[in-house]
>>> print(open('model.txt').read())   # compact mmCIF, C-alpha atoms
# COMPACT_ATOMS: atom_id res chain seq x y z
CA MET M 1 115.36 103.93 135.84
CA PRO M 2 117.53 106.34 133.90
CA ASP M 3 115.96 109.61 132.94
CA ARG M 4 117.46 109.35 129.43
CA LEU M 5 115.19 106.40 128.70
CA ILE M 6 112.01 107.77 130.21
CA THR M 7 112.00 111.16 128.51
CA PRO M 8 111.99 109.92 124.87
CA LEU M 9 109.33 107.34 125.70
CA ARG M 10 107.25 110.02 127.34
CA ASN M 11 107.68 112.19 124.24
CA ILE M 12 106.49 109.38 121.97
CA GLY M 13 103.49 108.74 124.20
CA HIS M 14 102.67 112.42 124.30
CA ARG M 15 102.81 112.73 120.51
CA VAL M 16 100.63 109.67 119.95
CA ILE M 17 98.03 110.89 122.44
CA ASP M 18 98.15 114.34 120.87
CA ARG M 19 97.55 112.91 117.36
CA ILE M 20 94.63 110.79 118.49
CA TRP M 21 93.17 113.67 120.43
CA ARG M 22 93.36 115.91 117.36
CA LEU M 23 91.73 113.20 115.25
CA GLY M 24 88.88 113.09 117.75
CA VAL M 25 88.52 116.89 117.71
CA ALA M 26 88.52 116.84 113.90
CA ALA M 27 85.79 114.16 113.87
CA ARG M 28 83.67 116.20 116.28
CA PHE M 29 84.28 119.29 114.16
CA PHE M 30 83.11 117.35 111.07
CA VAL M 31 79.93 116.24 112.84
CA THR M 32 79.26 119.79 114.05
CA ALA M 33 79.71 121.16 110.53
CA LEU M 34 77.24 118.55 109.23
CA THR M 35 74.62 119.23 111.92
CA VAL M 36 74.57 122.97 111.28
CA SER M 37 74.69 122.70 107.49
CA GLY M 38 70.90 122.66 107.14
CA GLU M 39 70.94 126.29 108.15
CA SER M 40 73.61 127.26 105.62
CA LEU M 41 72.05 125.24 102.80
CA ARG M 42 68.86 127.27 103.25
CA ARG M 43 70.96 130.41 102.64
CA PHE M 44 72.39 128.96 99.48
CA HIS M 45 73.97 132.17 98.17
CA LEU M 46 76.71 131.72 100.78
CA VAL M 47 77.53 128.34 99.28
CA ILE M 48 77.43 129.76 95.74
CA LYS M 49 79.92 132.45 96.71
CA GLU M 50 82.27 129.81 98.07
CA ILE M 51 81.82 127.59 95.00
CA TYR M 52 83.05 130.58 93.02
CA PHE M 53 86.19 130.86 95.17
CA THR M 54 86.99 127.16 95.47
CA GLY M 55 85.63 125.80 92.19
CA VAL M 56 85.54 128.45 89.48
CA LEU M 57 88.87 130.02 90.40
CA SER M 58 90.55 126.57 90.48
CA LEU M 59 89.38 125.85 86.94
CA ILE M 60 92.37 127.30 85.10
CA ILE M 61 95.02 125.35 87.00
CA ILE M 62 92.91 122.17 86.79
CA LEU M 63 92.31 122.44 83.05
CA VAL M 64 95.88 123.39 82.14
CA SER M 65 97.36 120.57 84.25
CA ALA M 66 94.83 118.14 82.79
CA LEU M 67 95.82 119.08 79.26
CA PHE M 68 99.50 118.47 79.97
CA VAL M 69 98.87 115.27 81.94
CA GLY M 70 96.79 113.93 79.06
CA MET M 71 99.40 114.89 76.46
CA VAL M 72 102.20 113.26 78.46
CA LEU M 73 100.11 110.11 78.93
CA GLY M 74 99.48 110.03 75.20
CA LEU M 75 103.16 110.34 74.34
CA GLN M 76 104.38 107.85 76.94
CA GLY M 77 101.60 105.40 76.19
CA TYR M 78 102.25 105.54 72.45
CA ASN M 79 105.96 105.05 73.00
CA THR M 80 105.42 101.87 75.02
CA LEU M 81 102.43 100.42 73.14
CA GLN M 82 104.16 100.89 69.81
CA LYS M 83 106.64 98.18 70.82
CA TYR M 84 103.79 95.69 71.07
CA GLY M 85 102.18 96.82 67.85
CA SER M 86 99.02 98.06 69.53
CA SER M 87 99.42 101.83 69.37
CA GLU M 88 95.64 102.26 68.85
CA ALA M 89 95.17 101.20 72.47
CA VAL M 90 96.67 104.52 73.57
CA GLY M 91 93.12 105.93 73.84
CA VAL M 92 92.16 103.18 76.29
CA LEU M 93 95.32 103.76 78.30
CA VAL M 94 94.78 107.52 78.54
CA ALA M 95 91.07 107.27 79.33
CA LEU M 96 91.33 104.50 81.91
CA SER M 97 94.25 106.02 83.79
CA LEU M 98 92.54 109.41 83.84
CA VAL M 99 89.03 108.30 84.73
CA ARG M 100 90.05 105.72 87.32
CA GLU M 101 93.04 107.29 89.04
CA LEU M 102 94.65 110.45 87.81
CA GLY M 103 91.46 112.48 87.40
CA PRO M 104 90.26 112.23 91.00
CA VAL M 105 93.71 112.04 92.62
CA VAL M 106 95.54 114.83 90.78
CA THR M 107 92.47 117.06 90.99
CA ALA M 108 92.31 116.49 94.75
CA LEU M 109 96.03 117.25 95.15
CA LEU M 110 95.73 120.44 93.09
CA PHE M 111 92.53 121.33 94.92
CA ALA M 112 94.31 120.96 98.28
CA GLY M 113 97.10 123.22 97.04
CA ARG M 114 94.91 125.78 95.34
CA ALA M 115 91.69 125.96 97.38
CA GLY M 116 92.54 124.12 100.61
CA THR M 117 95.38 126.46 101.54
CA ALA M 118 93.22 129.48 100.81
CA ILE M 119 90.48 128.16 103.08
CA THR M 120 92.93 127.41 105.90
CA ALA M 121 94.65 130.78 105.66
CA GLU M 122 91.36 132.65 105.50
CA ILE M 123 89.78 130.93 108.49
CA GLY M 124 93.05 131.01 110.44
CA LEU M 125 93.32 134.74 109.88
CA MET M 126 89.66 135.22 110.77
CA LYS M 127 90.41 133.48 114.03
CA ALA M 128 93.63 135.46 114.61
CA THR M 129 91.82 138.77 114.07
CA GLU M 130 89.01 137.56 116.36
CA GLN M 131 86.34 137.76 113.69
CA LEU M 132 85.06 134.34 114.72
CA SER M 133 84.78 135.44 118.36
CA ALA M 134 82.99 138.58 117.21
CA MET M 135 80.45 136.44 115.37
CA GLU M 136 79.84 134.39 118.49
CA MET M 137 79.31 137.65 120.43
CA MET M 138 76.62 138.59 117.88
CA ALA M 139 74.97 135.17 118.42
CA VAL M 140 76.00 134.02 114.94
CA ASN M 141 77.33 130.48 114.95
CA PRO M 142 80.69 130.74 113.16
CA VAL M 143 80.58 127.06 112.17
CA ALA M 144 77.24 127.58 110.44
CA ARG M 145 78.18 130.94 108.89
CA VAL M 146 81.84 130.33 107.89
CA VAL M 147 82.63 126.60 107.96
CA ALA M 148 79.53 124.84 106.59
CA PRO M 149 79.18 126.89 103.34
CA ARG M 150 82.85 126.30 102.53
CA PHE M 151 82.47 122.59 103.28
CA TRP M 152 79.53 122.16 100.90
CA ALA M 153 81.21 124.31 98.26
CA GLY M 154 84.26 122.03 98.34
CA VAL M 155 82.16 118.87 98.28
CA ILE M 156 80.10 120.13 95.32
CA SER M 157 83.06 121.52 93.34
CA MET M 158 85.32 118.49 93.59
CA PRO M 159 83.40 115.97 91.39
CA PHE M 160 82.83 118.60 88.71
CA LEU M 161 86.49 119.59 88.73
CA ALA M 162 87.55 115.94 88.51
CA ALA M 163 85.15 115.29 85.61
CA MET M 164 86.48 118.32 83.75
CA PHE M 165 90.04 117.18 84.49
CA SER M 166 89.36 113.74 83.00
CA MET M 167 87.62 115.16 79.95
CA MET M 168 90.38 117.69 79.33
CA GLY M 169 93.02 114.98 79.85
CA VAL M 170 91.35 112.73 77.29
CA PHE M 171 91.32 115.68 74.91
CA GLY M 172 95.04 116.22 75.56
CA GLY M 173 95.73 112.56 74.86
CA TRP M 174 93.69 112.77 71.66
CA LEU M 175 95.60 115.90 70.64
CA VAL M 176 98.92 114.06 70.82
CA ALA M 177 97.71 110.71 69.48
CA VAL M 178 95.54 111.71 66.53
CA PRO M 179 96.73 114.99 64.94
CA VAL M 180 100.38 114.81 66.02
CA ILE M 181 101.29 111.10 65.88
CA GLY M 182 98.64 110.13 63.35
CA ILE M 183 96.77 107.30 65.02
CA ASP M 184 93.43 106.55 63.39
CA ASP M 185 90.68 108.70 64.92
CA GLY M 186 88.03 106.00 64.76
CA ALA M 187 90.22 103.33 66.34
CA PHE M 188 91.19 105.75 69.13
CA TRP M 189 87.59 106.41 70.19
CA SER M 190 86.09 102.99 69.49
CA GLN M 191 88.77 101.14 71.48
CA MET M 192 88.25 103.62 74.30
CA GLN M 193 84.47 103.17 74.28
CA ALA M 194 84.79 99.40 74.14
CA ASN M 195 87.01 99.26 77.21
CA VAL M 196 85.83 102.05 79.51
CA ASP M 197 82.83 100.90 81.49
CA PHE M 198 80.31 103.45 82.71
CA HIS M 199 79.64 101.86 86.09
CA GLU M 200 83.02 100.30 86.87
CA ASP M 201 85.20 103.18 85.73
CA ILE M 202 83.33 106.47 85.44
CA VAL M 203 80.94 106.13 88.38
CA ASN M 204 83.73 104.80 90.60
CA GLY M 205 85.87 107.80 89.61
CA VAL M 206 83.06 110.16 90.59
CA ILE M 207 82.65 108.36 93.94
CA LYS M 208 86.39 108.73 94.54
CA SER M 209 86.33 112.44 93.77
CA CYS M 210 83.37 112.98 96.13
CA VAL M 211 85.24 111.23 98.97
CA PHE M 212 88.40 113.23 98.24
CA GLY M 213 86.33 116.43 98.19
CA VAL M 214 84.99 115.73 101.69
CA ALA M 215 88.45 114.79 103.00
CA CYS M 216 90.35 117.76 101.51
CA THR M 217 87.77 120.35 102.50
CA ILE M 218 87.27 119.14 106.04
CA ILE M 219 91.04 118.95 106.61
CA ALA M 220 91.50 122.51 105.29
CA LEU M 221 88.63 123.82 107.40
CA PHE M 222 89.75 122.03 110.55
CA GLU M 223 93.37 123.14 110.25
CA GLY M 224 92.21 126.74 109.81
CA TYR M 225 89.75 126.58 112.68
CA ASP M 226 92.28 124.90 114.93
CA ALA M 227 95.25 127.15 114.04
CA PRO M 228 96.95 129.07 116.87
CA PRO M 229 95.92 132.73 116.39
CA THR M 230 99.37 133.93 115.38
CA ALA M 231 101.14 134.55 112.08
CA GLU M 232 103.32 131.50 112.68
CA GLY M 233 100.34 129.39 113.66
CA VAL M 234 98.47 130.23 110.45
CA SER M 235 101.51 129.49 108.32
CA ARG M 236 102.02 126.12 110.02
CA ALA M 237 98.35 125.29 109.65
CA THR M 238 98.54 126.01 105.91
CA THR M 239 101.50 123.67 105.57
CA ARG M 240 99.71 120.98 107.55
CA THR M 241 96.68 121.32 105.26
CA VAL M 242 98.71 120.45 102.18
CA VAL M 243 100.63 117.63 103.86
CA ASN M 244 97.62 116.04 105.55
CA SER M 245 95.33 116.44 102.54
CA SER M 246 97.87 114.84 100.21
CA LEU M 247 98.45 111.93 102.59
CA ALA M 248 94.72 111.49 103.16
CA VAL M 249 93.99 111.53 99.41
CA LEU M 250 96.67 108.99 98.55
CA GLY M 251 95.78 106.73 101.48
CA LEU M 252 92.04 106.91 100.80
CA ASP M 253 92.74 106.25 97.13
CA PHE M 254 94.38 102.95 97.98
CA VAL M 255 91.52 101.95 100.28
CA LEU M 256 88.83 102.92 97.76
CA THR M 257 90.61 101.25 94.85
CA SER M 258 91.06 98.01 96.76
CA PHE M 259 87.31 98.03 97.53
CA MET M 260 86.34 98.82 93.94
CA ILE M 261 88.63 96.28 92.30
CA GLY M 262 88.28 93.55 94.94
CA MET J 1 81.78 141.19 92.63
CA ASP J 2 78.02 141.44 92.74
CA ARG J 3 75.72 138.54 93.21
CA THR J 4 74.40 138.13 89.66
CA THR J 5 77.86 137.78 88.07
CA LEU J 6 78.81 135.37 90.85
CA ASP J 7 75.71 133.30 90.14
CA LEU J 8 76.50 133.37 86.44
CA TRP J 9 80.05 132.09 86.91
CA VAL J 10 78.96 129.34 89.27
CA GLY J 11 76.21 128.41 86.83
CA ILE J 12 78.74 128.16 84.01
CA PHE J 13 81.00 126.08 86.26
CA VAL J 14 78.28 123.62 87.23
CA ALA J 15 77.00 123.36 83.64
CA ALA J 16 80.53 122.69 82.37
CA GLY J 17 81.00 120.06 85.09
CA ILE J 18 77.77 118.28 84.16
CA ALA J 19 78.69 118.53 80.47
CA ALA J 20 82.07 116.94 81.25
CA LEU J 21 80.34 114.10 83.14
CA ILE J 22 77.92 113.49 80.27
CA GLY J 23 80.81 113.71 77.81
CA LEU J 24 82.75 111.12 79.80
CA ALA J 25 79.74 108.81 79.89
CA MET J 26 78.91 109.17 76.19
CA LYS J 27 82.18 109.78 74.40
CA VAL J 28 84.69 107.97 76.63
CA GLY J 29 82.52 105.32 78.26
CA ASN J 30 80.19 102.73 76.83
CA LEU J 31 76.87 104.13 78.03
CA THR J 32 75.60 104.65 74.49
CA SER J 33 76.39 101.14 73.35
CA THR J 34 74.94 99.37 76.40
CA ASN J 35 71.42 100.75 76.00
CA ILE J 36 70.22 98.53 73.21
CA GLY J 37 66.53 99.33 73.32
CA GLU J 38 63.94 96.63 73.86
CA THR J 39 65.32 93.20 74.65
CA TYR J 40 64.06 89.66 75.14
CA THR J 41 65.78 87.17 77.42
CA VAL J 42 66.81 83.64 76.61
CA GLN J 43 68.75 81.20 78.74
CA ALA J 44 71.57 78.87 77.87
CA ALA J 45 73.21 76.20 80.04
CA TYR J 46 76.92 75.45 79.83
CA GLU J 47 79.10 72.91 81.57
CA ASN J 48 81.89 75.50 81.68
CA ILE J 49 81.69 79.22 80.97
CA GLY J 50 85.41 79.94 81.41
CA GLY J 51 85.91 83.66 82.06
CA LEU J 52 82.55 84.91 80.79
CA LYS J 53 81.32 87.92 82.77
CA VAL J 54 78.01 89.69 83.22
CA ARG J 55 77.60 92.49 80.58
CA ALA J 56 79.84 90.63 78.13
CA PRO J 57 78.64 91.06 74.53
CA VAL J 58 76.44 88.58 72.68
CA LYS J 59 77.52 88.55 69.04
CA SER J 60 76.23 87.01 65.88
CA ALA J 61 78.45 87.12 62.82
CA GLY J 62 80.60 89.57 64.76
CA VAL J 63 77.81 92.08 65.34
CA VAL J 64 76.80 92.85 68.93
CA VAL J 65 73.14 91.81 69.26
CA GLY J 66 72.83 91.70 73.05
CA ARG J 67 74.50 91.41 76.43
CA VAL J 68 74.95 88.76 79.10
CA ALA J 69 72.45 89.74 81.80
CA ASP J 70 73.07 87.18 84.49
CA ILE J 71 75.21 84.14 85.29
CA ARG J 72 74.02 81.57 87.83
CA PHE J 73 75.09 78.11 88.93
CA ASP J 74 72.45 75.39 88.76
CA ASN J 75 73.09 73.24 91.79
CA LYS J 76 70.87 70.39 90.55
CA LYS J 77 72.46 69.82 87.16
CA PHE J 78 75.84 71.26 88.15
CA GLU J 79 76.05 73.56 85.18
CA ALA J 80 76.18 77.30 84.59
CA VAL J 81 72.97 79.02 83.48
CA VAL J 82 73.63 82.18 81.47
CA THR J 83 70.81 84.66 80.82
CA LEU J 84 71.17 86.62 77.58
CA ASN J 85 69.41 89.90 76.76
CA ILE J 86 68.97 90.08 72.99
CA ASP J 87 67.69 93.07 71.06
CA THR J 88 64.11 92.47 69.86
CA SER J 89 65.02 93.63 66.37
CA TYR J 90 67.17 90.51 65.99
CA GLN J 91 65.27 87.21 65.83
CA PHE J 92 66.99 83.85 65.89
CA PRO J 93 65.71 80.33 65.05
CA ARG J 94 65.04 77.93 67.92
CA ASP J 95 67.94 75.64 67.02
CA THR J 96 70.53 78.44 67.23
CA ILE J 97 73.85 77.39 68.75
CA ALA J 98 75.13 79.61 71.58
CA ALA J 99 78.87 79.09 71.99
CA ILE J 100 81.39 80.89 74.16
CA PHE J 101 84.33 82.30 72.22
CA THR J 102 87.36 84.39 73.06
CA SER J 103 88.09 87.48 71.00
CA GLY J 104 91.73 87.27 70.04
CA LEU J 105 94.30 85.28 71.94
CA LEU J 106 94.00 87.14 75.23
CA GLY J 107 90.77 89.08 74.69
CA GLU J 108 87.55 88.98 76.67
CA GLN J 109 85.05 86.17 76.25
CA TYR J 110 81.71 86.60 74.53
CA VAL J 111 78.70 84.53 73.54
CA GLY J 112 78.52 83.82 69.82
CA LEU J 113 75.16 82.90 68.27
CA GLU J 114 75.19 80.73 65.16
CA ALA J 115 71.77 80.79 63.59
CA GLY J 116 70.07 77.46 62.97
CA ALA J 117 67.65 76.50 60.21
CA GLU J 118 64.30 76.06 61.99
CA ASP J 119 61.32 78.26 61.15
CA ASP J 120 60.25 78.85 64.77
CA MET J 121 61.98 81.82 66.37
CA LEU J 122 63.29 82.11 69.92
CA LYS J 123 60.82 83.82 72.24
CA ASP J 124 61.22 85.64 75.54
CA GLY J 125 62.06 83.13 78.31
CA ASP J 126 63.11 80.35 75.94
CA LYS J 127 66.08 78.13 76.54
CA ILE J 128 68.73 77.55 73.90
CA GLU J 129 69.24 73.78 73.71
CA SER J 130 72.46 73.50 71.73
CA THR J 131 75.34 75.18 73.52
CA GLN J 132 79.08 74.89 73.46
CA GLY J 133 81.06 75.89 76.53
CA ALA J 134 84.32 77.76 76.74
CA VAL J 135 87.53 76.07 75.67
CA VAL J 136 89.70 75.76 78.75
CA LEU J 137 93.31 76.05 77.70
CA GLU J 138 94.65 74.05 80.66
CA LYS J 139 92.35 71.14 79.82
CA LEU J 140 93.48 71.16 76.19
CA ILE J 141 97.13 71.23 77.17
CA SER J 142 96.76 68.48 79.78
CA GLN J 143 94.83 66.33 77.30
CA PHE J 144 97.54 66.88 74.70
CA LEU J 145 100.26 66.00 77.18
CA TYR J 146 98.34 62.93 78.35
CA ASN J 147 97.93 61.74 74.78
CA LYS J 148 101.62 62.32 74.10
CA ALA J 149 102.59 60.46 77.26
CA SER J 150 100.35 57.48 76.54
CA GLU J 151 101.65 57.36 72.96
CA GLY J 152 105.22 57.34 74.27
CA ASN J 153 104.41 54.63 76.82
CA GLY J 154 102.64 52.55 74.21
CA SER J 155 105.57 52.51 71.80
CA GLU J 156 108.04 51.88 74.58
CA GLY J 157 105.89 49.09 75.89
CA GLY J 158 105.78 47.59 72.39
CA ASN J 159 109.54 47.71 72.14
CA SER J 160 110.07 46.06 75.48
CA ASP J 161 107.58 43.38 74.53
CA LYS J 162 109.53 42.68 71.39
CA LYS J 163 112.76 42.50 73.35
CA ALA J 164 111.16 40.12 75.75
CA GLU J 165 110.20 37.91 72.90
>>> encode(input="model.txt", output="structure tokens")
Amino acid sequence: MPDRLITPLRNIGHRVIDRIWRLGVAARFFVTALTVSGESLRRFHLVIKEIYFTGVLSLIIILVSALFVGMVLGLQGYNTLQKYGSSEAVGVLVALSLVRELGPVVTALLFAGRAGTAITAEIGLMKATEQLSAMEMMAVNPVARVVAPRFWAGVISMPFLAAMFSMMGVFGGWLVAVPVIGIDDGAFWSQMQANVDFHEDIVNGVIKSCVFGVACTIIALFEGYDAPPTAEGVSRATTRTVVNSSLAVLGLDFVLTSFMIG
Amino acid sequence: MDRTTLDLWVGIFVAAGIAALIGLAMKVGNLTSTNIGETYTVQAAYENIGGLKVRAPVKSAGVVVGRVADIRFDNKKFEAVVTLNIDTSYQFPRDTIAAIFTSGLLGEQYVGLEAGAEDDMLKDGDKIESTQGAVVLEKLISQFLYNKASEGNGSEGGNSDKKAE
């Protein structure tokens, strides 16, 4: 058997096993973070501090992007709907696309870029400077003290951020449609209210954003906790956080949508 | 940053998030229009309900007076039984007709109530006797085509008969 054939096959096998192994470690890490979170939820000020860093500080980028996304949706929607003589339906188009898809998904992508990278870099650096080992030496469980509060902060922040994104996006769409283009205000809102369902659209959007919150936060935490304790390792882990979070969000979005619509 | 300012900011954040959720539910969604106070339920049986869905509006003279609460299939009579929740402030005579209409050419389907003339009003748990099911477009078209075809055959047949004579 030629060596040229065996080596690539062995590489593929090694990579597959490595991926699956990492997935298993990540799952165990997730379970560990959940089992110790009772302790950190009792000391809730730790979670509040992390909500400030992941949620409050992400607000500006979330709100500004939402405004522009909503305004673009309004313009594009008006442009297309006008051809069919139903330009009042632009409110429905903006609201449904924001509440169902863009709100949760774009918020999760921005959240991974804004808060996820910060979490990974912080924990990776904590590990590189042996702060986590120091905690263990002092009989403080680093997962309970560092990981669990950040996890709950991310999970709590995400639905609120997504709701604010959707609301701000609808406002952006209104801004373009009503004062700028001159669509009737009443028709804009009444068509929207007639076609956006509370359970099917809004609640499903909130469920999506909760799932994305769990996925993004746990990926960021795991990549940081698992990063090799070097400058290069931390930088690679940060990159992996963004890539993996984005892929996970888009993949999960398809799965969730197919369940909700089907 | 000390703890009180931190708490304040997080409090503002959470309050704004909840406000956004409530705003979405009230201003963007239909939560306000679905809660129509006290309702009474009546049932109506149809041989075909077309695309009627649960939570579709029940309208009378174009005004929403209730919602479709439940749709079941009666396996004994082989017809659809639709349960309607109607606002108690709207009373309808017992011989009201409940028909299924489509709003616009491609719009959603709704139940339209056409008030009758009787003095007795519908009560909770009553059954509407006179109903009219959904118009199925395919049936109409096939009926039309069938009529056309039989007309065509009839005239042709007549001609051939004449020739035979």
>>> closest_atom_pairs(input="model.txt", of="chain M", to="chain J", cutoff="6 Å", atoms="all atoms listed in the file", output="Markdown table")
| residue | atom | partner | partner_atom | distance |
| --- | --- | --- | --- | --- |
| M:Tyr52 | CA | J:Val10 | CA | 5.7 |
| M:Phe160 | CA | J:Gly17 | CA | 4.3 |
| M:Ala163 | CA | J:Leu21 | CA | 5.5 |
| M:Met164 | CA | J:Ala20 | CA | 5.3 |
| M:Met167 | CA | J:Ala20 | CA | 6.0 |
| M:Gln193 | CA | J:Gly29 | CA | 4.9 |
| M:Val196 | CA | J:Gly29 | CA | 4.8 |
| M:Asp197 | CA | J:Gly29 | CA | 5.5 |
| M:Phe198 | CA | J:Gly29 | CA | 5.3 |
>>> residues_around(input="model.txt", residues="stretch 43-49 of chain M", least_positions_apart="4", cutoff="9 Å", atoms="only C-alpha atoms", output="PyMOL selection string")
(chain M and resi 38-39+53-54+145-146+148-153) or (chain J and resi 3+6-7+10)
>>> closest_residue(input="model.txt", among="M:Ala128, M:Ala118, M:Leu63, M:Leu93", to="M:Leu161", atoms="all atoms listed in the file")
M:Leu63
>>> residues_around(input="model.txt", residues="stretch 67-77 of chain J", least_positions_apart="2", cutoff="8 Å", atoms="all atoms listed in the file", output="ChimeraX atom specification")
/J:34,53-58,64-65,79-86,111
>>> atom_distance(input="model.txt", atom1="atom CA of M:Gln191", atom2="atom CA of J:Val135")
25.4 Å
>>> residues_near_point(input="model.txt", point="(98.8, 124.0, 113.6)", cutoff="12 Å", atoms="only C-alpha atoms", output="PyMOL selection string")
chain M and resi 19+22+120-121+124+219-244
>>> write_last_selection(input="model.txt", atoms="C-alpha atoms", output="PDB file, in the frame of the given file")
ATOM      1  CA  ARG M  19      97.550 112.910 117.360  1.00  0.00           C
ATOM      2  CA  ARG M  22      93.360 115.910 117.360  1.00  0.00           C
ATOM      3  CA  THR M 120      92.930 127.410 105.900  1.00  0.00           C
ATOM      4  CA  ALA M 121      94.650 130.780 105.660  1.00  0.00           C
ATOM      5  CA  GLY M 124      93.050 131.010 110.440  1.00  0.00           C
ATOM      6  CA  ILE M 219      91.040 118.950 106.610  1.00  0.00           C
ATOM      7  CA  ALA M 220      91.500 122.510 105.290  1.00  0.00           C
ATOM      8  CA  LEU M 221      88.630 123.820 107.400  1.00  0.00           C
ATOM      9  CA  PHE M 222      89.750 122.030 110.550  1.00  0.00           C
ATOM     10  CA  GLU M 223      93.370 123.140 110.250  1.00  0.00           C
ATOM     11  CA  GLY M 224      92.210 126.740 109.810  1.00  0.00           C
ATOM     12  CA  TYR M 225      89.750 126.580 112.680  1.00  0.00           C
ATOM     13  CA  ASP M 226      92.280 124.900 114.930  1.00  0.00           C
ATOM     14  CA  ALA M 227      95.250 127.150 114.040  1.00  0.00           C
ATOM     15  CA  PRO M 228      96.950 129.070 116.870  1.00  0.00           C
ATOM     16  CA  PRO M 229      95.920 132.730 116.390  1.00  0.00           C
ATOM     17  CA  THR M 230      99.370 133.930 115.380  1.00  0.00           C
ATOM     18  CA  ALA M 231     101.140 134.550 112.080  1.00  0.00           C
ATOM     19  CA  GLU M 232     103.320 131.500 112.680  1.00  0.00           C
ATOM     20  CA  GLY M 233     100.340 129.390 113.660  1.00  0.00           C
ATOM     21  CA  VAL M 234      98.470 130.230 110.450  1.00  0.00           C
ATOM     22  CA  SER M 235     101.510 129.490 108.320  1.00  0.00           C
ATOM     23  CA  ARG M 236     102.020 126.120 110.020  1.00  0.00           C
ATOM     24  CA  ALA M 237      98.350 125.290 109.650  1.00  0.00           C
ATOM     25  CA  THR M 238      98.540 126.010 105.910  1.00  0.00           C
ATOM     26  CA  THR M 239     101.500 123.670 105.570  1.00  0.00           C
ATOM     27  CA  ARG M 240      99.710 120.980 107.550  1.00  0.00           C
ATOM     28  CA  THR M 241      96.680 121.320 105.260  1.00  0.00           C
ATOM     29  CA  VAL M 242      98.710 120.450 102.180  1.00  0.00           C
ATOM     30  CA  VAL M 243     100.630 117.630 103.860  1.00  0.00           C
ATOM     31  CA  ASN M 244      97.620 116.040 105.550  1.00  0.00           C
TER      32      ASN M 244
END
>>> closest_residue(input="model.txt", among="J:Glu108, J:Glu47, J:Phe78, J:Ser60", to="J:Gln91", atoms="all atoms listed in the file")
J:Ser60
>>> residues_around(input="model.txt", residues="stretch 120-127 of chain J", least_positions_apart="2", cutoff="7 Å", atoms="all atoms listed in the file", output="PyMOL selection string")
chain J and resi 40-44+91-94+118+129
>>> build_atoms(input="model.txt", residues="stretch 26-37 of chain M", atoms="N, CA and C atoms", output="tab-separated table (two decimals), keeping the file's coordinate frame")
chain	number	residue	atom	x	y	z
M	26	ALA	N	88.88	116.65	115.31
M	26	ALA	CA	88.52	116.84	113.90
M	26	ALA	C	87.21	116.13	113.58
M	27	ALA	N	87.03	114.91	114.13
M	27	ALA	CA	85.79	114.16	113.87
M	27	ALA	C	84.60	114.91	114.44
M	28	ARG	N	84.78	115.45	115.67
M	28	ARG	CA	83.67	116.20	116.28
M	28	ARG	C	83.37	117.46	115.49
M	29	PHE	N	84.43	118.09	114.97
M	29	PHE	CA	84.28	119.29	114.16
M	29	PHE	C	83.48	118.97	112.89
M	30	PHE	N	83.81	117.81	112.28
M	30	PHE	CA	83.11	117.35	111.07
M	30	PHE	C	81.63	117.16	111.36
M	31	VAL	N	81.33	116.49	112.50
M	31	VAL	CA	79.93	116.24	112.84
M	31	VAL	C	79.20	117.57	113.09
M	32	THR	N	79.88	118.49	113.79
M	32	THR	CA	79.26	119.79	114.05
M	32	THR	C	78.94	120.50	112.74
M	33	ALA	N	79.93	120.48	111.81
M	33	ALA	CA	79.71	121.16	110.53
M	33	ALA	C	78.53	120.54	109.80
M	34	LEU	N	78.37	119.20	109.91
M	34	LEU	CA	77.24	118.55	109.23
M	34	LEU	C	75.92	118.92	109.89
M	35	THR	N	75.91	118.97	111.24
M	35	THR	CA	74.62	119.23	111.92
M	35	THR	C	74.11	120.64	111.67
M	36	VAL	N	75.05	121.60	111.49
M	36	VAL	CA	74.57	122.97	111.28
M	36	VAL	C	74.42	123.29	109.79
M	37	SER	N	74.69	122.31	108.90
M	37	SER	CA	74.69	122.70	107.49
M	37	SER	C	73.29	122.89	106.92
